[in-house]
$ cat protein_16.cif   # mmCIF, C-alpha atoms
data_entry
loop_
_atom_site.label_atom_id
_atom_site.label_comp_id
_atom_site.auth_asym_id
_atom_site.auth_seq_id
_atom_site.Cartn_x
_atom_site.Cartn_y
_atom_site.Cartn_z
CA MET A 1 -42.21 -69.45 -12.70
CA LYS A 2 -44.87 -71.74 -11.31
CA ILE A 3 -45.18 -75.53 -11.20
CA TRP A 4 -48.42 -77.40 -10.52
CA PHE A 5 -47.81 -80.75 -8.80
CA ILE A 6 -50.56 -83.40 -9.00
CA SER A 7 -50.71 -87.15 -8.49
CA ASP A 8 -53.11 -90.07 -8.17
CA THR A 9 -55.91 -88.58 -10.21
CA HIS A 10 -57.33 -92.08 -10.86
CA CYS A 11 -59.57 -91.08 -13.80
CA GLU A 12 -60.92 -88.03 -11.93
CA HIS A 13 -58.64 -85.56 -13.75
CA GLU A 14 -61.40 -83.61 -15.50
CA LYS A 15 -62.70 -82.46 -12.11
CA LEU A 16 -59.47 -80.61 -11.36
CA ASN A 17 -59.31 -76.82 -11.43
CA VAL A 18 -56.42 -76.05 -13.78
CA PRO A 19 -54.30 -73.10 -12.57
CA ALA A 20 -52.23 -70.70 -14.65
CA VAL A 21 -48.73 -72.19 -14.42
CA ASP A 22 -45.62 -72.75 -16.54
CA LEU A 23 -45.21 -76.48 -15.87
CA VAL A 24 -47.41 -79.30 -14.61
CA ILE A 25 -45.91 -82.47 -13.14
CA HIS A 26 -48.05 -85.58 -12.62
CA CYS A 27 -46.52 -88.11 -10.23
CA GLY A 28 -48.37 -91.21 -11.43
CA ASP A 29 -51.57 -93.24 -11.07
CA GLU A 30 -53.57 -91.60 -13.79
CA SER A 31 -55.64 -94.78 -14.19
CA ASN A 32 -57.31 -97.51 -12.12
CA SER A 33 -57.74 -100.87 -13.80
CA ARG A 34 -55.43 -103.85 -13.35
CA ASN A 35 -56.59 -105.12 -16.75
CA ALA A 36 -54.11 -103.93 -19.37
CA TYR A 37 -56.74 -103.29 -22.05
CA ALA A 38 -58.95 -101.19 -19.77
CA ASN A 39 -55.92 -99.47 -18.28
CA ASN A 40 -54.71 -98.54 -21.75
CA GLN A 41 -57.94 -96.68 -22.47
CA GLU A 42 -57.90 -94.96 -19.06
CA ALA A 43 -54.30 -93.87 -19.51
CA ARG A 44 -54.93 -92.52 -23.00
CA ASP A 45 -58.00 -90.62 -21.85
CA PHE A 46 -55.89 -88.97 -19.16
CA LEU A 47 -52.91 -88.26 -21.41
CA ASP A 48 -55.13 -86.74 -24.10
CA TRP A 49 -56.50 -84.38 -21.46
CA PHE A 50 -53.02 -83.75 -20.03
CA ALA A 51 -51.55 -82.95 -23.46
CA GLY A 52 -54.39 -80.53 -24.15
CA LEU A 53 -53.92 -78.42 -21.03
CA ASP A 54 -53.12 -74.76 -21.66
CA ILE A 55 -49.79 -75.15 -19.82
CA PRO A 56 -46.52 -74.71 -21.74
CA SER A 57 -44.64 -77.71 -20.30
CA LYS A 58 -45.85 -81.08 -19.04
CA ILE A 59 -44.02 -83.91 -17.26
CA PHE A 60 -45.50 -87.33 -16.50
CA VAL A 61 -44.00 -89.91 -14.13
CA PRO A 62 -45.87 -93.25 -14.05
CA GLY A 63 -47.07 -94.98 -10.88
CA ASN A 64 -48.08 -98.44 -9.75
CA HIS A 65 -51.44 -98.14 -11.52
CA SER A 66 -49.72 -97.23 -14.82
CA ILE A 67 -50.06 -100.79 -16.14
CA ALA A 68 -50.38 -99.81 -19.81
CA VAL A 69 -47.29 -97.61 -19.65
CA GLU A 70 -45.17 -100.32 -18.04
CA GLN A 71 -46.31 -102.87 -20.62
CA GLY A 72 -45.51 -100.53 -23.52
CA LEU A 73 -49.12 -100.12 -24.67
CA VAL A 74 -48.73 -96.40 -24.05
CA GLN A 75 -45.42 -94.82 -25.09
CA SER A 76 -43.96 -91.35 -24.92
CA MET A 77 -43.90 -91.12 -28.74
CA ASP A 78 -47.71 -91.28 -28.67
CA PHE A 79 -47.79 -87.96 -26.79
CA PRO A 80 -44.93 -85.77 -28.05
CA GLY A 81 -46.11 -82.77 -26.04
CA ILE A 82 -45.50 -84.61 -22.77
CA THR A 83 -42.11 -85.44 -21.26
CA PHE A 84 -42.21 -88.95 -19.78
CA LEU A 85 -39.69 -89.50 -16.97
CA ILE A 86 -39.29 -93.20 -16.24
CA HIS A 87 -36.28 -93.19 -13.94
CA ASP A 88 -34.77 -90.41 -15.99
CA GLN A 89 -34.13 -86.68 -15.82
CA VAL A 90 -34.72 -83.48 -17.75
CA VAL A 91 -33.55 -79.90 -17.37
CA TRP A 92 -36.41 -77.39 -17.50
CA MET A 93 -35.57 -73.68 -17.40
CA GLY A 94 -32.31 -74.52 -15.64
CA VAL A 95 -34.06 -76.72 -13.07
CA LYS A 96 -32.89 -80.35 -12.92
CA ILE A 97 -35.85 -82.69 -12.51
CA PHE A 98 -35.60 -86.46 -12.00
CA GLY A 99 -38.63 -88.75 -12.09
CA SER A 100 -38.93 -92.38 -10.96
CA PRO A 101 -42.04 -94.60 -10.88
CA TYR A 102 -40.82 -97.33 -8.51
CA THR A 103 -42.47 -98.23 -5.21
CA PRO A 104 -42.14 -101.08 -2.68
CA GLN A 105 -43.89 -104.32 -3.64
CA PHE A 106 -47.58 -104.35 -2.71
CA PHE A 107 -49.68 -106.93 -4.54
CA GLU A 108 -49.14 -107.15 -8.33
CA TRP A 109 -49.07 -103.69 -9.85
CA ALA A 110 -46.70 -101.77 -12.12
CA TYR A 111 -43.15 -100.59 -11.37
CA MET A 112 -42.99 -102.37 -8.03
CA LYS A 113 -39.83 -103.82 -6.52
CA PRO A 114 -39.02 -105.74 -3.33
CA ARG A 115 -37.78 -103.28 -0.72
CA ALA A 116 -34.37 -104.97 -0.70
CA GLU A 117 -33.91 -104.09 -4.40
CA LEU A 118 -34.92 -100.45 -4.15
CA ASP A 119 -31.65 -99.22 -2.68
CA THR A 120 -29.83 -100.07 -5.92
CA ILE A 121 -32.46 -98.15 -7.89
CA TRP A 122 -32.20 -95.06 -5.68
CA LYS A 123 -28.39 -95.17 -5.90
CA SER A 124 -28.62 -94.39 -9.61
CA ILE A 125 -30.39 -91.05 -8.99
CA PRO A 126 -27.81 -88.24 -9.43
CA ASP A 127 -26.84 -85.99 -6.54
CA ASP A 128 -27.42 -82.63 -8.22
CA ILE A 129 -31.21 -82.78 -8.61
CA ASP A 130 -33.36 -79.72 -7.86
CA ILE A 131 -36.74 -81.45 -7.98
CA LEU A 132 -37.06 -85.17 -7.28
CA VAL A 133 -40.33 -86.74 -8.42
CA THR A 134 -41.08 -90.26 -7.19
CA HIS A 135 -44.44 -91.98 -7.27
CA GLY A 136 -44.02 -93.21 -3.72
CA PRO A 137 -43.04 -91.34 -0.54
CA PRO A 138 -39.98 -91.66 1.66
CA ASN A 139 -40.55 -93.40 4.96
CA GLY A 140 -41.97 -91.30 7.75
CA ILE A 141 -43.11 -88.38 5.59
CA LEU A 142 -46.76 -88.11 4.51
CA ASP A 143 -46.89 -91.91 4.11
CA VAL A 144 -49.40 -93.13 6.68
CA THR A 145 -52.01 -95.86 6.19
CA ARG A 146 -53.92 -98.35 8.31
CA ASP A 147 -52.35 -101.75 8.92
CA PHE A 148 -54.69 -104.53 7.77
CA ASP A 149 -53.84 -106.78 10.71
CA THR A 150 -53.33 -104.46 13.69
CA HIS A 151 -55.70 -101.69 12.50
CA SER A 152 -53.12 -99.16 13.68
CA ASN A 153 -51.49 -96.38 11.70
CA ILE A 154 -48.17 -97.26 10.07
CA HIS A 155 -45.59 -95.54 7.84
CA VAL A 156 -45.09 -97.49 4.61
CA GLY A 157 -42.78 -95.29 2.54
CA SER A 158 -39.34 -96.47 1.41
CA LYS A 159 -36.67 -96.21 4.09
CA SER A 160 -33.84 -96.42 1.57
CA LEU A 161 -35.44 -93.63 -0.49
CA ARG A 162 -35.51 -91.37 2.53
CA ARG A 163 -31.88 -92.11 3.29
CA HIS A 164 -30.77 -91.24 -0.24
CA VAL A 165 -32.93 -88.12 -0.36
CA VAL A 166 -31.85 -86.70 2.99
CA GLU A 167 -28.21 -87.78 3.08
CA ARG A 168 -27.10 -87.67 -0.57
CA ILE A 169 -29.47 -86.23 -3.17
CA LYS A 170 -30.74 -83.32 -1.04
CA PRO A 171 -33.17 -81.87 -3.60
CA ARG A 172 -34.87 -78.60 -2.92
CA ILE A 173 -38.22 -80.30 -3.53
CA HIS A 174 -39.19 -83.95 -3.24
CA VAL A 175 -42.70 -84.53 -4.59
CA PHE A 176 -44.71 -87.77 -4.67
CA GLY A 177 -48.15 -89.34 -4.24
CA HIS A 178 -49.18 -93.01 -3.83
CA LEU A 179 -50.39 -92.67 -0.23
CA HIS A 180 -53.85 -91.14 -0.11
CA ASP A 181 -55.94 -89.34 2.45
CA GLU A 182 -58.00 -91.78 4.51
CA LYS A 183 -60.50 -91.47 7.32
CA GLU A 184 -58.69 -89.54 10.07
CA ILE A 185 -55.44 -89.67 8.01
CA LYS A 186 -54.13 -86.71 6.03
CA ASN A 187 -51.26 -87.49 3.65
CA CYS A 188 -51.73 -84.80 1.01
CA GLY A 189 -49.71 -81.84 2.17
CA MET A 190 -46.35 -80.07 2.38
CA ILE A 191 -43.65 -80.51 5.05
CA ALA A 192 -40.21 -78.87 5.21
CA ARG A 193 -37.53 -81.09 6.74
CA ASP A 194 -33.76 -81.23 6.41
CA SER A 195 -33.86 -78.15 4.13
CA ILE A 196 -36.09 -80.10 1.72
CA GLN A 197 -39.70 -79.28 0.81
CA PHE A 198 -41.59 -82.58 0.80
CA ILE A 199 -44.92 -82.61 -1.05
CA ASN A 200 -47.52 -85.36 -1.23
CA CYS A 201 -49.82 -84.15 -3.99
CA SER A 202 -52.30 -87.05 -4.18
CA THR A 203 -55.58 -85.60 -5.38
CA CYS A 204 -57.87 -88.58 -4.71
CA ASP A 205 -58.59 -90.15 -1.35
CA ILE A 206 -58.31 -93.88 -0.72
CA GLY A 207 -61.82 -94.37 -2.09
CA GLY A 208 -60.93 -92.73 -5.41
CA LYS A 209 -62.83 -89.49 -4.77
CA LEU A 210 -61.17 -86.23 -5.81
CA VAL A 211 -60.59 -84.31 -2.58
CA ASN A 212 -57.44 -82.28 -3.27
CA GLN A 213 -56.26 -79.97 -6.08
CA GLY A 214 -52.50 -80.55 -5.84
CA PHE A 215 -50.06 -77.72 -5.15
CA VAL A 216 -48.73 -74.76 -7.09
CA VAL A 217 -45.14 -73.89 -6.15
CA GLU A 218 -43.00 -70.93 -7.21
CA VAL A 219 -39.61 -71.82 -8.66
CA GLU A 220 -36.47 -70.01 -9.76
CA SER A 221 -34.63 -70.80 -12.96
CA ASN A 222 -31.50 -71.95 -11.14
CA GLY A 223 -33.34 -74.03 -8.53
CA ALA A 224 -36.60 -74.35 -6.67
CA HIS A 225 -38.07 -73.38 -3.35
CA GLY A 226 -41.36 -73.97 -1.58
#
$ encode --input "protein_16.cif" --output "structure tokens"
Amino acid sequence: MKIWFISDTHCEHEKLNVPAVDLVIHCGDESNSRNAYANNQEARDFLDWFAGLDIPSKIFVPGNHSIAVEQGLVQSMDFPGITFLIHDQVVWMGVKIFGSPYTPQFFEWAYMKPRAELDTIWKSIPDDIDILVTHGPPNGILDVTRDFDTHSNIHVGSKSLRRHVVERIKPRIHVFGHLHDEKEIKNCGMIARDSIQFINCSTCDIGGKLVNQGFVVEVESNGAHG
């Protein structure tokens, strides 16, 4: 079986090349606008497209740009063909998948928490997860950006998320987005560490241009592997 992982399409979804897969997972940031009304239309445009894909199963995990979803303007009942995972889990073909939209606080966007509060959130993720889907990355893994003040490269992923993933949850795959490709910075990619396949599947770069197509990964019914 095959899973297509994509994230951070930012209204550029129709430019994607849709592969032949059994499941597609979107890791958040389908939209752009901070205005709830405009965001609602952007989200619905994306979800209409997402629901119409010729792929048997679809999972959506919101991100920090998913303003309309967080505010309840867009709800899972509006799109019955899509499984919404908002800090929740589902079993698909024997594979346990958990999705969480939360990221460290950065300006005023959706599903953001102070870093000190995130540890409690990550603690509630079960241990026996095959595929962990978070909008944001763990610290030190495909999470680089430029510091506004020092103009140097820094890792901005969640340290507590990495600790829970590596020491306790130990999924076969941890997939996320949130951190984009930038000039001389490549975040979209796959890295195997600690027996875990980490995947940043952000499709748009920091300027909102579609530059990546996500990743298709083979899975087994009783687990997953890269």
$ residues_around --input "protein_16.cif" --residues "segment 165-182 of chain A" --least-positions-apart "6" --cutoff "6 Å" --atoms "only C-alpha atoms" --output "PDB file with C-alpha atoms, keeping the file's coordinate frame"
ATOM      1  CA  SER A   7     -50.710 -87.150  -8.490  1.00  0.00           C
ATOM      2  CA  CYS A  27     -46.520 -88.110 -10.230  1.00  0.00           C
ATOM      3  CA  ASP A 127     -26.840 -85.990  -6.540  1.00  0.00           C
ATOM      4  CA  ILE A 129     -31.210 -82.780  -8.610  1.00  0.00           C
ATOM      5  CA  ASP A 130     -33.360 -79.720  -7.860  1.00  0.00           C
ATOM      6  CA  ILE A 131     -36.740 -81.450  -7.980  1.00  0.00           C
ATOM      7  CA  LEU A 132     -37.060 -85.170  -7.280  1.00  0.00           C
ATOM      8  CA  VAL A 133     -40.330 -86.740  -8.420  1.00  0.00           C
ATOM      9  CA  THR A 134     -41.080 -90.260  -7.190  1.00  0.00           C
ATOM     10  CA  HIS A 135     -44.440 -91.980  -7.270  1.00  0.00           C
ATOM     11  CA  GLY A 136     -44.020 -93.210  -3.720  1.00  0.00           C
ATOM     12  CA  PRO A 137     -43.040 -91.340  -0.540  1.00  0.00           C
ATOM     13  CA  ASP A 143     -46.890 -91.910   4.110  1.00  0.00           C
ATOM     14  CA  ILE A 196     -36.090 -80.100   1.720  1.00  0.00           C
ATOM     15  CA  GLN A 197     -39.700 -79.280   0.810  1.00  0.00           C
ATOM     16  CA  PHE A 198     -41.590 -82.580   0.800  1.00  0.00           C
ATOM     17  CA  ILE A 199     -44.920 -82.610  -1.050  1.00  0.00           C
ATOM     18  CA  ASN A 200     -47.520 -85.360  -1.230  1.00  0.00           C
ATOM     19  CA  CYS A 201     -49.820 -84.150  -3.990  1.00  0.00           C
ATOM     20  CA  SER A 202     -52.300 -87.050  -4.180  1.00  0.00           C
ATOM     21  CA  ASP A 205     -58.590 -90.150  -1.350  1.00  0.00           C
ATOM     22  CA  ILE A 206     -58.310 -93.880  -0.720  1.00  0.00           C
ATOM     23  CA  ALA A 224     -36.600 -74.350  -6.670  1.00  0.00           C
TER      24      ALA A 224
END
$ resolve_selection --input "protein_16.cif" --expression "the PyMOL selection byres ((chain A and resi 114) around 6)" --output "PyMOL selection string"
chain A and resi 104-105+113+115-117
$ resolve_selection --input "protein_16.cif" --expression "the PyMOL selection byres ((chain A and resi 6) around 12)" --output "short mmCIF file (atom, residue, chain, number, x, y, z; two decimals) with C-alpha atoms, in the frame of the given file"
data_model
loop_
_atom_site.label_atom_id
_atom_site.label_comp_id
_atom_site.auth_asym_id
_atom_site.auth_seq_id
_atom_site.Cartn_x
_atom_site.Cartn_y
_atom_site.Cartn_z
CA ILE A 3 -45.18 -75.53 -11.20
CA TRP A 4 -48.42 -77.40 -10.52
CA PHE A 5 -47.81 -80.75 -8.80
CA SER A 7 -50.71 -87.15 -8.49
CA ASP A 8 -53.11 -90.07 -8.17
CA THR A 9 -55.91 -88.58 -10.21
CA HIS A 10 -57.33 -92.08 -10.86
CA GLU A 12 -60.92 -88.03 -11.93
CA HIS A 13 -58.64 -85.56 -13.75
CA LEU A 16 -59.47 -80.61 -11.36
CA ASN A 17 -59.31 -76.82 -11.43
CA VAL A 18 -56.42 -76.05 -13.78
CA PRO A 19 -54.30 -73.10 -12.57
CA LEU A 23 -45.21 -76.48 -15.87
CA VAL A 24 -47.41 -79.30 -14.61
CA ILE A 25 -45.91 -82.47 -13.14
CA HIS A 26 -48.05 -85.58 -12.62
CA CYS A 27 -46.52 -88.11 -10.23
CA GLY A 28 -48.37 -91.21 -11.43
CA ASP A 29 -51.57 -93.24 -11.07
CA GLU A 30 -53.57 -91.60 -13.79
CA PHE A 50 -53.02 -83.75 -20.03
CA LYS A 58 -45.85 -81.08 -19.04
CA ILE A 59 -44.02 -83.91 -17.26
CA PHE A 60 -45.50 -87.33 -16.50
CA VAL A 61 -44.00 -89.91 -14.13
CA VAL A 133 -40.33 -86.74 -8.42
CA THR A 134 -41.08 -90.26 -7.19
CA HIS A 135 -44.44 -91.98 -7.27
CA VAL A 175 -42.70 -84.53 -4.59
CA PHE A 176 -44.71 -87.77 -4.67
CA GLY A 177 -48.15 -89.34 -4.24
CA HIS A 178 -49.18 -93.01 -3.83
CA CYS A 188 -51.73 -84.80 1.01
CA GLY A 189 -49.71 -81.84 2.17
CA ILE A 199 -44.92 -82.61 -1.05
CA ASN A 200 -47.52 -85.36 -1.23
CA CYS A 201 -49.82 -84.15 -3.99
CA SER A 202 -52.30 -87.05 -4.18
CA THR A 203 -55.58 -85.60 -5.38
CA CYS A 204 -57.87 -88.58 -4.71
CA LEU A 210 -61.17 -86.23 -5.81
CA VAL A 211 -60.59 -84.31 -2.58
CA ASN A 212 -57.44 -82.28 -3.27
CA GLN A 213 -56.26 -79.97 -6.08
CA GLY A 214 -52.50 -80.55 -5.84
CA PHE A 215 -50.06 -77.72 -5.15
CA VAL A 216 -48.73 -74.76 -7.09
CA VAL A 217 -45.14 -73.89 -6.15
#
$ atom_distance --input "protein_16.cif" --atom1 "atom CA of Ile125 of chain A" --atom2 "atom CA of His87 of chain A"
8.0 Å
$ closest_residue --input "protein_16.cif" --among "A:Val144, A:Val156, A:Gln71, A:Ile121" --to "Phe106 of chain A" --atoms "all atoms listed in the file"
A:Val156
$ residues_near_point --input "protein_16.cif" --point "(-39.6, -90.3, 7.6)" --cutoff "8 Å" --atoms "all atoms listed in the file" --output "PyMOL selection string"
chain A and resi 138-141+155+157+159+162
$ atom_distance --input "protein_16.cif" --atom1 "atom CA of Gly99 of chain A" --atom2 "atom CA of Ile86 of chain A"
6.1 Å
$ closest_residue --input "protein_16.cif" --among "A:Leu142, A:Leu118, A:Leu53, A:Ala110" --to "Ser160 of chain A" --atoms "only C-alpha atoms"
A:Leu118
$ resolve_selection --input "protein_16.cif" --expression "the PyMOL selection byres ((chain A and resi 52) around 12)" --output "number ranges by chain"
A: 14, 18, 24, 45-51, 53-58, 79-82
$ atom_distance --input "protein_16.cif" --atom1 "atom CA of Asp119 of chain A" --atom2 "atom CA of Ala192 of chain A"
23.4 Å
